[in-house]
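Dropping data22.tsv in here (TSV, N, CA and C atoms):
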```
chain	number	residue	atom	x	y	z
A	38	MET	N	-92.12	12.29	73.14
A	38	MET	CA	-92.21	12.93	71.84
A	38	MET	C	-90.88	12.78	71.12
A	39	LYS	N	-90.95	12.36	69.87
A	39	LYS	CA	-89.73	12.24	69.05
A	39	LYS	C	-89.49	13.55	68.31
A	40	VAL	N	-88.26	14.06	68.45
A	40	VAL	CA	-87.87	15.27	67.72
A	40	VAL	C	-86.57	14.97	66.98
A	41	PHE	N	-86.44	15.59	65.84
A	41	PHE	CA	-85.21	15.48	65.05
A	41	PHE	C	-84.53	16.83	65.07
A	42	VAL	N	-83.24	16.85	65.39
A	42	VAL	CA	-82.51	18.10	65.56
A	42	VAL	C	-81.53	18.28	64.39
A	43	ASP	N	-81.69	19.38	63.69
A	43	ASP	CA	-80.85	19.71	62.53
A	43	ASP	C	-79.44	20.08	62.99
A	44	THR	N	-78.50	19.92	62.09
A	44	THR	CA	-77.09	20.18	62.37
A	44	THR	C	-76.87	21.59	62.90
A	45	ASN	N	-77.57	22.58	62.35
A	45	ASN	CA	-77.31	23.96	62.77
A	45	ASN	C	-77.68	24.20	64.23
A	46	VAL	N	-78.67	23.49	64.74
A	46	VAL	CA	-79.07	23.63	66.14
A	46	VAL	C	-78.00	23.00	67.04
A	47	LEU	N	-77.48	21.86	66.63
A	47	LEU	CA	-76.41	21.22	67.39
A	47	LEU	C	-75.17	22.10	67.43
A	48	LEU	N	-74.84	22.71	66.29
A	48	LEU	CA	-73.67	23.58	66.23
A	48	LEU	C	-73.86	24.83	67.11
A	49	ASP	N	-75.09	25.32	67.19
A	49	ASP	CA	-75.36	26.46	68.08
A	49	ASP	C	-74.92	26.16	69.50
A	50	VAL	N	-75.18	24.93	69.94
A	50	VAL	CA	-74.83	24.54	71.31
A	50	VAL	C	-73.33	24.28	71.42
A	51	LEU	N	-72.81	23.46	70.54
A	51	LEU	CA	-71.41	23.05	70.64
A	51	LEU	C	-70.44	24.21	70.46
A	52	ALA	N	-70.81	25.19	69.63
A	52	ALA	CA	-69.95	26.35	69.40
A	52	ALA	C	-70.41	27.58	70.19
A	53	ARG	N	-71.47	27.39	70.99
A	53	ARG	CA	-72.03	28.48	71.81
A	53	ARG	C	-72.31	29.72	70.96
A	54	ARG	N	-72.98	29.50	69.84
A	54	ARG	CA	-73.27	30.60	68.92
A	54	ARG	C	-74.43	31.45	69.43
A	55	GLU	N	-74.14	32.71	69.62
A	55	GLU	CA	-75.15	33.68	70.04
A	55	GLU	C	-75.71	34.37	68.80
A	56	PRO	N	-76.97	34.74	68.82
A	56	PRO	CA	-77.93	34.72	69.93
A	56	PRO	C	-78.75	33.43	69.98
A	57	PHE	N	-78.30	32.37	69.36
A	57	PHE	CA	-79.09	31.15	69.21
A	57	PHE	C	-78.86	30.13	70.32
A	58	TYR	N	-77.79	30.32	71.08
A	58	TYR	CA	-77.36	29.31	72.03
A	58	TYR	C	-78.45	28.90	73.03
A	59	ALA	N	-79.10	29.85	73.67
A	59	ALA	CA	-80.02	29.54	74.78
A	59	ALA	C	-81.15	28.61	74.35
A	60	ASP	N	-81.84	28.93	73.29
A	60	ASP	CA	-82.96	28.10	72.87
A	60	ASP	C	-82.50	26.75	72.32
A	61	SER	N	-81.40	26.75	71.58
A	61	SER	CA	-80.87	25.48	71.07
A	61	SER	C	-80.42	24.60	72.23
A	62	ALA	N	-79.79	25.19	73.24
A	62	ALA	CA	-79.39	24.45	74.43
A	62	ALA	C	-80.60	23.93	75.18
A	63	GLY	N	-81.70	24.66	75.13
A	63	GLY	CA	-82.94	24.21	75.77
A	63	GLY	C	-83.44	22.91	75.15
A	64	VAL	N	-83.37	22.81	73.83
A	64	VAL	CA	-83.76	21.58	73.13
A	64	VAL	C	-82.82	20.45	73.52
A	65	TRP	N	-81.52	20.72	73.52
A	65	TRP	CA	-80.51	19.73	73.90
A	65	TRP	C	-80.80	19.22	75.32
A	66	THR	N	-81.06	20.15	76.25
A	66	THR	CA	-81.31	19.79	77.65
A	66	THR	C	-82.55	18.92	77.80
A	67	LEU	N	-83.59	19.21	77.05
A	67	LEU	CA	-84.80	18.37	77.09
A	67	LEU	C	-84.49	16.95	76.66
A	68	THR	N	-83.64	16.81	75.66
A	68	THR	CA	-83.24	15.48	75.21
A	68	THR	C	-82.39	14.79	76.27
A	69	GLU	N	-81.43	15.50	76.79
A	69	GLU	CA	-80.54	14.94	77.81
A	69	GLU	C	-81.31	14.49	79.05
A	70	ALA	N	-82.36	15.23	79.39
A	70	ALA	CA	-83.17	14.92	80.57
A	70	ALA	C	-84.22	13.84	80.28
A	71	GLY	N	-84.33	13.42	79.02
A	71	GLY	CA	-85.29	12.39	78.66
A	71	GLY	C	-86.72	12.89	78.51
A	72	ARG	N	-86.90	14.19	78.43
A	72	ARG	CA	-88.25	14.75	78.27
A	72	ARG	C	-88.71	14.68	76.82
A	73	VAL	N	-87.77	14.59	75.89
A	73	VAL	CA	-88.06	14.31	74.48
A	73	VAL	C	-87.04	13.27	74.01
A	74	ASN	N	-87.41	12.53	72.98
A	74	ASN	CA	-86.48	11.59	72.35
A	74	ASN	C	-85.85	12.31	71.17
A	75	GLY	N	-84.60	12.66	71.31
A	75	GLY	CA	-83.90	13.44	70.29
A	75	GLY	C	-83.16	12.55	69.31
A	76	PHE	N	-83.34	12.82	68.03
A	76	PHE	CA	-82.67	12.10	66.95
A	76	PHE	C	-81.84	13.08	66.14
A	77	VAL	N	-80.71	12.60	65.62
A	77	VAL	CA	-79.87	13.38	64.72
A	77	VAL	C	-79.42	12.48	63.58
A	78	SER	N	-79.15	13.08	62.45
A	78	SER	CA	-78.63	12.34	61.31
A	78	SER	C	-77.17	11.98	61.54
A	79	ALA	N	-76.80	10.78	61.15
A	79	ALA	CA	-75.40	10.37	61.25
A	79	ALA	C	-74.50	11.29	60.43
A	80	VAL	N	-75.02	11.90	59.37
A	80	VAL	CA	-74.18	12.80	58.56
A	80	VAL	C	-73.86	14.11	59.28
A	81	SER	N	-74.58	14.41	60.33
A	81	SER	CA	-74.28	15.63	61.09
A	81	SER	C	-72.94	15.53	61.81
A	82	LEU	N	-72.59	14.35	62.26
A	82	LEU	CA	-71.37	14.21	63.06
A	82	LEU	C	-70.09	14.54	62.31
A	83	PRO	N	-69.88	14.05	61.09
A	83	PRO	CA	-68.65	14.45	60.39
A	83	PRO	C	-68.57	15.96	60.13
A	84	THR	N	-69.72	16.56	59.82
A	84	THR	CA	-69.75	18.00	59.59
A	84	THR	C	-69.38	18.75	60.86
A	85	LEU	N	-70.00	18.36	61.97
A	85	LEU	CA	-69.71	19.01	63.24
A	85	LEU	C	-68.27	18.77	63.69
A	86	PHE	N	-67.79	17.57	63.49
A	86	PHE	CA	-66.41	17.27	63.87
A	86	PHE	C	-65.44	18.17	63.10
A	87	TYR	N	-65.65	18.29	61.81
A	87	TYR	CA	-64.78	19.12	60.98
A	87	TYR	C	-64.78	20.56	61.48
A	88	LEU	N	-65.97	21.13	61.69
A	88	LEU	CA	-66.07	22.53	62.12
A	88	LEU	C	-65.46	22.74	63.51
A	89	LEU	N	-65.76	21.84	64.43
A	89	LEU	CA	-65.26	21.99	65.80
A	89	LEU	C	-63.76	21.75	65.89
A	90	SER	N	-63.26	20.79	65.12
A	90	SER	CA	-61.82	20.51	65.19
A	90	SER	C	-61.01	21.70	64.68
A	91	ARG	N	-61.57	22.43	63.72
A	91	ARG	CA	-60.87	23.62	63.21
A	91	ARG	C	-60.88	24.76	64.21
A	92	SER	N	-61.99	24.90	64.95
A	92	SER	CA	-62.10	26.03	65.87
A	92	SER	C	-61.66	25.71	67.30
A	93	ARG	N	-61.79	24.45	67.71
A	93	ARG	CA	-61.51	24.09	69.10
A	93	ARG	C	-60.50	22.97	69.28
A	94	GLY	N	-60.10	22.35	68.19
A	94	GLY	CA	-59.13	21.26	68.28
A	94	GLY	C	-59.79	19.89	68.22
A	95	ARG	N	-59.00	18.91	67.81
A	95	ARG	CA	-59.50	17.55	67.60
A	95	ARG	C	-60.00	16.91	68.90
A	96	ARG	N	-59.28	17.13	69.98
A	96	ARG	CA	-59.67	16.51	71.25
A	96	ARG	C	-61.06	16.95	71.68
A	97	GLU	N	-61.33	18.26	71.65
A	97	GLU	CA	-62.64	18.78	72.04
A	97	GLU	C	-63.71	18.32	71.05
A	98	ALA	N	-63.37	18.29	69.77
A	98	ALA	CA	-64.33	17.85	68.75
A	98	ALA	C	-64.71	16.38	69.00
A	99	ARG	N	-63.74	15.55	69.30
A	99	ARG	CA	-64.01	14.13	69.57
A	99	ARG	C	-64.89	13.97	70.81
A	100	GLY	N	-64.64	14.78	71.82
A	100	GLY	CA	-65.48	14.76	73.03
A	100	GLY	C	-66.91	15.16	72.72
A	101	ALA	N	-67.06	16.14	71.85
A	101	ALA	CA	-68.41	16.57	71.45
A	101	ALA	C	-69.14	15.46	70.70
A	102	MET	N	-68.41	14.71	69.88
A	102	MET	CA	-69.03	13.59	69.15
A	102	MET	C	-69.50	12.51	70.12
A	103	ALA	N	-68.71	12.27	71.16
A	103	ALA	CA	-69.11	11.29	72.17
A	103	ALA	C	-70.38	11.75	72.89
A	104	LEU	N	-70.47	13.04	73.20
A	104	LEU	CA	-71.68	13.58	73.82
A	104	LEU	C	-72.90	13.38	72.92
A	105	LEU	N	-72.75	13.74	71.66
A	105	LEU	CA	-73.86	13.56	70.72
A	105	LEU	C	-74.30	12.10	70.66
A	106	ARG	N	-73.34	11.22	70.54
A	106	ARG	CA	-73.63	9.78	70.47
A	106	ARG	C	-74.38	9.30	71.72
A	107	ASP	N	-73.99	9.83	72.88
A	107	ASP	CA	-74.57	9.37	74.13
A	107	ASP	C	-75.92	9.99	74.45
A	108	ILE	N	-76.20	11.17	73.92
A	108	ILE	CA	-77.44	11.88	74.24
A	108	ILE	C	-78.53	11.66	73.18
A	109	PHE	N	-78.14	11.69	71.93
A	109	PHE	CA	-79.10	11.59	70.84
A	109	PHE	C	-79.07	10.21	70.20
A	110	THR	N	-80.17	9.85	69.56
A	110	THR	CA	-80.21	8.62	68.77
A	110	THR	C	-79.79	8.96	67.36
A	111	LEU	N	-78.79	8.24	66.86
A	111	LEU	CA	-78.31	8.49	65.50
A	111	LEU	C	-79.19	7.78	64.49
A	112	VAL	N	-79.57	8.51	63.45
A	112	VAL	CA	-80.33	7.94	62.34
A	112	VAL	C	-79.32	7.63	61.24
A	113	PRO	N	-79.13	6.34	60.92
A	113	PRO	CA	-78.16	5.99	59.88
A	113	PRO	C	-78.57	6.56	58.52
A	114	THR	N	-77.60	7.00	57.77
A	114	THR	CA	-77.85	7.47	56.42
A	114	THR	C	-77.56	6.31	55.48
A	115	ASP	N	-78.62	5.83	54.84
A	115	ASP	CA	-78.47	4.68	53.95
A	115	ASP	C	-78.82	5.07	52.51
A	116	ALA	N	-78.78	4.11	51.63
A	116	ALA	CA	-79.04	4.36	50.21
A	116	ALA	C	-80.45	4.91	49.97
A	117	GLN	N	-81.42	4.46	50.74
A	117	GLN	CA	-82.79	4.96	50.56
A	117	GLN	C	-82.89	6.45	50.90
A	118	ILE	N	-82.29	6.86	52.00
A	118	ILE	CA	-82.33	8.28	52.37
A	118	ILE	C	-81.60	9.11	51.32
A	119	ILE	N	-80.45	8.66	50.88
A	119	ILE	CA	-79.70	9.39	49.85
A	119	ILE	C	-80.51	9.48	48.56
A	120	SER	N	-81.12	8.39	48.14
A	120	SER	CA	-81.91	8.39	46.90
A	120	SER	C	-83.09	9.35	47.00
A	121	ARG	N	-83.77	9.33	48.13
A	121	ARG	CA	-84.90	10.25	48.32
A	121	ARG	C	-84.42	11.69	48.30
A	122	ALA	N	-83.27	11.95	48.91
A	122	ALA	CA	-82.72	13.31	48.93
A	122	ALA	C	-82.35	13.77	47.52
A	123	ILE	N	-81.80	12.87	46.73
A	123	ILE	CA	-81.43	13.21	45.35
A	123	ILE	C	-82.67	13.50	44.51
A	124	ASP	N	-83.72	12.71	44.68
A	124	ASP	CA	-84.90	12.78	43.82
A	124	ASP	C	-85.94	13.80	44.24
A	125	CYS	N	-85.79	14.42	45.39
A	125	CYS	CA	-86.83	15.33	45.88
A	125	CYS	C	-86.60	16.76	45.37
A	126	ASP	N	-87.54	17.63	45.73
A	126	ASP	CA	-87.48	19.03	45.31
A	126	ASP	C	-86.83	19.96	46.34
A	127	ILE	N	-86.32	19.41	47.42
A	127	ILE	CA	-85.65	20.26	48.42
A	127	ILE	C	-84.34	20.74	47.80
A	128	GLU	N	-84.17	22.04	47.80
A	128	GLU	CA	-83.05	22.64	47.08
A	128	GLU	C	-81.68	22.24	47.64
A	129	ASP	N	-81.53	22.28	48.95
A	129	ASP	CA	-80.25	21.98	49.57
A	129	ASP	C	-80.16	20.48	49.88
A	130	PHE	N	-79.15	19.83	49.34
A	130	PHE	CA	-79.00	18.37	49.48
A	130	PHE	C	-78.88	17.95	50.94
A	131	GLU	N	-78.09	18.67	51.72
A	131	GLU	CA	-77.92	18.32	53.14
A	131	GLU	C	-79.24	18.47	53.89
A	132	ASP	N	-80.02	19.51	53.58
A	132	ASP	CA	-81.34	19.66	54.20
A	132	ASP	C	-82.25	18.50	53.82
A	133	ALA	N	-82.15	18.04	52.59
A	133	ALA	CA	-82.97	16.90	52.16
A	133	ALA	C	-82.61	15.65	52.96
A	134	ILE	N	-81.32	15.44	53.18
A	134	ILE	CA	-80.90	14.29	54.00
A	134	ILE	C	-81.46	14.44	55.42
A	135	GLN	N	-81.39	15.63	55.96
A	135	GLN	CA	-81.93	15.87	57.30
A	135	GLN	C	-83.43	15.57	57.33
A	136	PHE	N	-84.15	16.05	56.33
A	136	PHE	CA	-85.60	15.87	56.27
A	136	PHE	C	-85.97	14.39	56.21
A	137	PHE	N	-85.34	13.65	55.31
A	137	PHE	CA	-85.69	12.23	55.18
A	137	PHE	C	-85.19	11.41	56.37
A	138	SER	N	-84.17	11.87	57.04
A	138	SER	CA	-83.73	11.23	58.28
A	138	SER	C	-84.78	11.45	59.37
A	139	ALA	N	-85.36	12.64	59.42
A	139	ALA	CA	-86.43	12.92	60.39
A	139	ALA	C	-87.63	12.02	60.14
A	140	LEU	N	-87.98	11.85	58.86
A	140	LEU	CA	-89.08	10.94	58.54
A	140	LEU	C	-88.75	9.52	58.96
A	141	ARG	N	-87.54	9.07	58.68
A	141	ARG	CA	-87.12	7.72	59.06
A	141	ARG	C	-87.24	7.53	60.57
A	142	ALA	N	-86.88	8.55	61.33
A	142	ALA	CA	-86.94	8.45	62.79
A	142	ALA	C	-88.37	8.47	63.32
A	143	GLY	N	-89.31	8.88	62.49
A	143	GLY	CA	-90.69	9.00	62.95
A	143	GLY	C	-90.89	10.22	63.84
A	144	ALA	N	-90.08	11.24	63.61
A	144	ALA	CA	-90.14	12.45	64.44
A	144	ALA	C	-91.43	13.22	64.21
A	145	ALA	N	-91.98	13.75	65.27
A	145	ALA	CA	-93.15	14.63	65.17
A	145	ALA	C	-92.72	16.02	64.73
A	146	THR	N	-91.50	16.41	65.11
A	146	THR	CA	-91.01	17.76	64.83
A	146	THR	C	-89.56	17.70	64.37
A	147	LEU	N	-89.25	18.47	63.35
A	147	LEU	CA	-87.88	18.69	62.91
A	147	LEU	C	-87.51	20.09	63.41
A	148	ILE	N	-86.48	20.17	64.24
A	148	ILE	CA	-86.09	21.44	64.83
A	148	ILE	C	-84.87	21.97	64.10
A	149	THR	N	-85.03	23.15	63.52
A	149	THR	CA	-84.00	23.77	62.69
A	149	THR	C	-84.08	25.28	62.84
A	150	ARG	N	-83.01	25.96	62.51
A	150	ARG	CA	-83.10	27.42	62.46
A	150	ARG	C	-83.49	27.90	61.07
A	151	ASN	N	-83.68	26.97	60.13
A	151	ASN	CA	-84.04	27.34	58.76
A	151	ASN	C	-85.32	26.64	58.33
A	152	PRO	N	-86.45	26.92	58.97
A	152	PRO	CA	-87.68	26.19	58.64
A	152	PRO	C	-88.15	26.40	57.20
A	153	LYS	N	-87.83	27.53	56.62
A	153	LYS	CA	-88.27	27.79	55.24
A	153	LYS	C	-87.60	26.87	54.23
A	154	ASP	N	-86.51	26.22	54.61
A	154	ASP	CA	-85.78	25.34	53.71
A	154	ASP	C	-86.39	23.94	53.62
A	155	PHE	N	-87.42	23.68	54.41
A	155	PHE	CA	-88.02	22.35	54.46
A	155	PHE	C	-89.47	22.39	53.99
A	156	PRO	N	-89.96	21.29	53.40
A	156	PRO	CA	-91.35	21.26	52.93
A	156	PRO	C	-92.33	21.16	54.10
A	157	THR	N	-93.54	21.61	53.86
A	157	THR	CA	-94.61	21.49	54.84
A	157	THR	C	-95.25	20.12	54.64
A	158	THR	N	-95.18	19.31	55.66
A	158	THR	CA	-95.71	17.94	55.59
A	158	THR	C	-96.31	17.56	56.93
A	159	ASP	N	-96.40	16.27	57.15
A	159	ASP	CA	-96.90	15.77	58.43
A	159	ASP	C	-95.92	16.02	59.56
A	160	VAL	N	-94.66	16.29	59.24
A	160	VAL	CA	-93.65	16.61	60.25
A	160	VAL	C	-93.69	18.11	60.48
A	161	SER	N	-93.84	18.50	61.73
A	161	SER	CA	-93.82	19.92	62.07
A	161	SER	C	-92.38	20.42	61.95
A	162	ILE	N	-92.20	21.56	61.31
A	162	ILE	CA	-90.88	22.17	61.16
A	162	ILE	C	-90.87	23.42	62.03
A	163	GLN	N	-90.01	23.45	63.05
A	163	GLN	CA	-89.99	24.56	63.98
A	163	GLN	C	-88.57	24.97	64.33
A	164	THR	N	-88.41	26.23	64.67
A	164	THR	CA	-87.15	26.70	65.23
A	164	THR	C	-87.09	26.24	66.69
A	165	PRO	N	-85.91	26.26	67.28
A	165	PRO	CA	-85.84	25.93	68.72
A	165	PRO	C	-86.76	26.83	69.56
A	166	THR	N	-86.80	28.12	69.23
A	166	THR	CA	-87.64	29.06	69.96
A	166	THR	C	-89.11	28.67	69.84
A	167	GLN	N	-89.56	28.35	68.63
A	167	GLN	CA	-90.95	27.95	68.43
A	167	GLN	C	-91.27	26.66	69.16
A	168	PHE	N	-90.35	25.70	69.08
A	168	PHE	CA	-90.57	24.41	69.73
A	168	PHE	C	-90.73	24.58	71.24
A	169	LEU	N	-89.81	25.32	71.84
A	169	LEU	CA	-89.88	25.52	73.29
A	169	LEU	C	-91.15	26.25	73.70
A	170	ALA	N	-91.53	27.27	72.93
A	170	ALA	CA	-92.73	28.05	73.25
A	170	ALA	C	-94.01	27.20	73.09
A	171	THR	N	-94.02	26.33	72.10
A	171	THR	CA	-95.20	25.51	71.82
A	171	THR	C	-95.36	24.37	72.80
A	172	HIS	N	-94.27	23.72	73.15
A	172	HIS	CA	-94.35	22.49	73.92
A	172	HIS	C	-93.87	22.60	75.37
A	173	PHE	N	-93.05	23.58	75.65
A	173	PHE	CA	-92.46	23.70	76.98
A	173	PHE	C	-92.47	25.15	77.41
A	174	GLN	N	-93.65	25.68	77.65
A	174	GLN	CA	-93.79	27.09	78.00
A	174	GLN	C	-92.96	27.42	79.22
A	175	ARG	N	-92.23	28.51	79.12
A	175	ARG	CA	-91.33	28.91	80.22
A	175	ARG	C	-92.05	29.73	81.24
```

Final structure tokens representation of the file:
Amino acid sequence: MKVFVDTNVLLDVLARREPFYADSAGVWTLTEAGRVNGFVSAVSLPTLFYLLSRSRGRREARGAMALLRDIFTLVPTDAQIISRAIDCDIEDFEDAIQFFSALRAGAATLITRNPKDFPTTDVSIQTPTQFLATHFQR
């Protein structure tokens, strides 16, 4: 199953943000174990690097980027994704890039902590908690 993971879910894991860490880490672990094919937008990495380097230092931030690169498949952000994000009705530009990156990846599910920010389409929009409960009952 192809899933697309939003930046906020990745940050939950990398910054160990509670109370979101456990379920977000569950999604990460499923990807790492090969039980799902996890995709992330290439634009997530600079954002995450910036945030992590400020809170944890450049060395740890760079290590986190290597982990992301090695575990997830990066979806390149190209002119078509940017144009679609500019022209769509999604209010937040970064969310629009995430959404169209998920479509590009052919993801069945976009996993985010902000499902209300995304349109209802053929791509299922779920929180990490919803995704785990729906597909990987504990």

(request) Please measure the separation of atom CA of Phe86 of chain A and atom CA of Leu105 of chain A, giving the value in Å to one decimal. (result)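 Distance between the two atoms: 10.8 Å.
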
List the spatial neighbours of segment 154-171 of chain A as a PDB file with N, CA and C atoms, in the frame of the given file - criterion: any atom at most 7 Å away, only N, CA and C atoms, same-chain residues fewer than 3 positions off excluded.
```pdb
ATOM      1  N   ASP A  60     -81.840  28.930  73.290  1.00  0.00           N
ATOM      2  CA  ASP A  60     -82.960  28.100  72.870  1.00  0.00           C
ATOM      3  C   ASP A  60     -82.500  26.750  72.320  1.00  0.00           C
ATOM      4  N   SER A  61     -81.400  26.750  71.580  1.00  0.00           N
ATOM      5  CA  SER A  61     -80.870  25.480  71.070  1.00  0.00           C
ATOM      6  C   SER A  61     -80.420  24.600  72.230  1.00  0.00           C
ATOM      7  N   VAL A  64     -83.370  22.810  73.830  1.00  0.00           N
ATOM      8  CA  VAL A  64     -83.760  21.580  73.130  1.00  0.00           C
ATOM      9  C   VAL A  64     -82.820  20.450  73.520  1.00  0.00           C
ATOM     10  N   ILE A 127     -86.320  19.410  47.420  1.00  0.00           N
ATOM     11  CA  ILE A 127     -85.650  20.260  48.420  1.00  0.00           C
ATOM     12  C   ILE A 127     -84.340  20.740  47.800  1.00  0.00           C
ATOM     13  N   GLU A 128     -84.170  22.040  47.800  1.00  0.00           N
ATOM     14  CA  GLU A 128     -83.050  22.640  47.080  1.00  0.00           C
ATOM     15  C   GLU A 128     -81.680  22.240  47.640  1.00  0.00           C
ATOM     16  N   ASP A 129     -81.530  22.280  48.950  1.00  0.00           N
ATOM     17  CA  ASP A 129     -80.250  21.980  49.570  1.00  0.00           C
ATOM     18  C   ASP A 129     -80.160  20.480  49.880  1.00  0.00           C
ATOM     19  N   ASP A 132     -80.020  19.510  53.580  1.00  0.00           N
ATOM     20  CA  ASP A 132     -81.340  19.660  54.200  1.00  0.00           C
ATOM     21  C   ASP A 132     -82.250  18.500  53.820  1.00  0.00           C
ATOM     22  N   ALA A 144     -90.080  11.240  63.610  1.00  0.00           N
ATOM     23  CA  ALA A 144     -90.140  12.450  64.440  1.00  0.00           C
ATOM     24  C   ALA A 144     -91.430  13.220  64.210  1.00  0.00           C
ATOM     25  N   ALA A 145     -91.980  13.750  65.270  1.00  0.00           N
ATOM     26  CA  ALA A 145     -93.150  14.630  65.170  1.00  0.00           C
ATOM     27  C   ALA A 145     -92.720  16.020  64.730  1.00  0.00           C
ATOM     28  N   THR A 146     -91.500  16.410  65.110  1.00  0.00           N
ATOM     29  CA  THR A 146     -91.010  17.760  64.830  1.00  0.00           C
ATOM     30  C   THR A 146     -89.560  17.700  64.370  1.00  0.00           C
ATOM     31  N   LEU A 147     -89.250  18.470  63.350  1.00  0.00           N
ATOM     32  CA  LEU A 147     -87.880  18.690  62.910  1.00  0.00           C
ATOM     33  C   LEU A 147     -87.510  20.090  63.410  1.00  0.00           C
ATOM     34  N   ILE A 148     -86.480  20.170  64.240  1.00  0.00           N
ATOM     35  CA  ILE A 148     -86.090  21.440  64.830  1.00  0.00           C
ATOM     36  C   ILE A 148     -84.870  21.970  64.100  1.00  0.00           C
ATOM     37  N   THR A 149     -85.030  23.150  63.520  1.00  0.00           N
ATOM     38  CA  THR A 149     -84.000  23.770  62.690  1.00  0.00           C
ATOM     39  C   THR A 149     -84.080  25.280  62.840  1.00  0.00           C
ATOM     40  N   ARG A 150     -83.010  25.960  62.510  1.00  0.00           N
ATOM     41  CA  ARG A 150     -83.100  27.420  62.460  1.00  0.00           C
ATOM     42  C   ARG A 150     -83.490  27.900  61.070  1.00  0.00           C
ATOM     43  N   ASN A 151     -83.680  26.970  60.130  1.00  0.00           N
ATOM     44  CA  ASN A 151     -84.040  27.340  58.760  1.00  0.00           C
ATOM     45  C   ASN A 151     -85.320  26.640  58.330  1.00  0.00           C
ATOM     46  N   GLN A 174     -93.650  25.680  77.650  1.00  0.00           N
ATOM     47  CA  GLN A 174     -93.790  27.090  78.000  1.00  0.00           C
ATOM     48  C   GLN A 174     -92.960  27.420  79.220  1.00  0.00           C
ATOM     49  N   ARG A 175     -92.230  28.510  79.120  1.00  0.00           N
ATOM     50  CA  ARG A 175     -91.330  28.910  80.220  1.00  0.00           C
ATOM     51  C   ARG A 175     -92.050  29.730  81.240  1.00  0.00           C
TER      52      ARG A 175
END
```

(message) Rounded to one decimal, what separation in Å do you get between atom CA of Met38 of chain A and atom N of Phe173 of chain A?
(response) 11.3 Å

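The protein and nucleic acid residues lying at most 8 Å from Tyr58 of chain A are Asp49, Val50 and Arg53 of chain A, with only C-alpha atoms considered and sequence neighbours fewer than 5 positions away removed.
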
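Distance check against Leu51 of chain A using all atoms listed in the file: of A:Leu89, A:Lys39, A:Leu67, A:Val73, the minimum falls on A:Leu89.
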
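We find atom CA of Arg96 of chain A and atom C of Ala52 of chain A to be spaced 15.5 Å apart.
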
(message) Under the rule that only C-alpha atoms are counted, which of A:Arg106, A:Arg95, A:Arg121, A:His172 is the nearest residue to Phe76 of chain A?
(response) A:Arg106
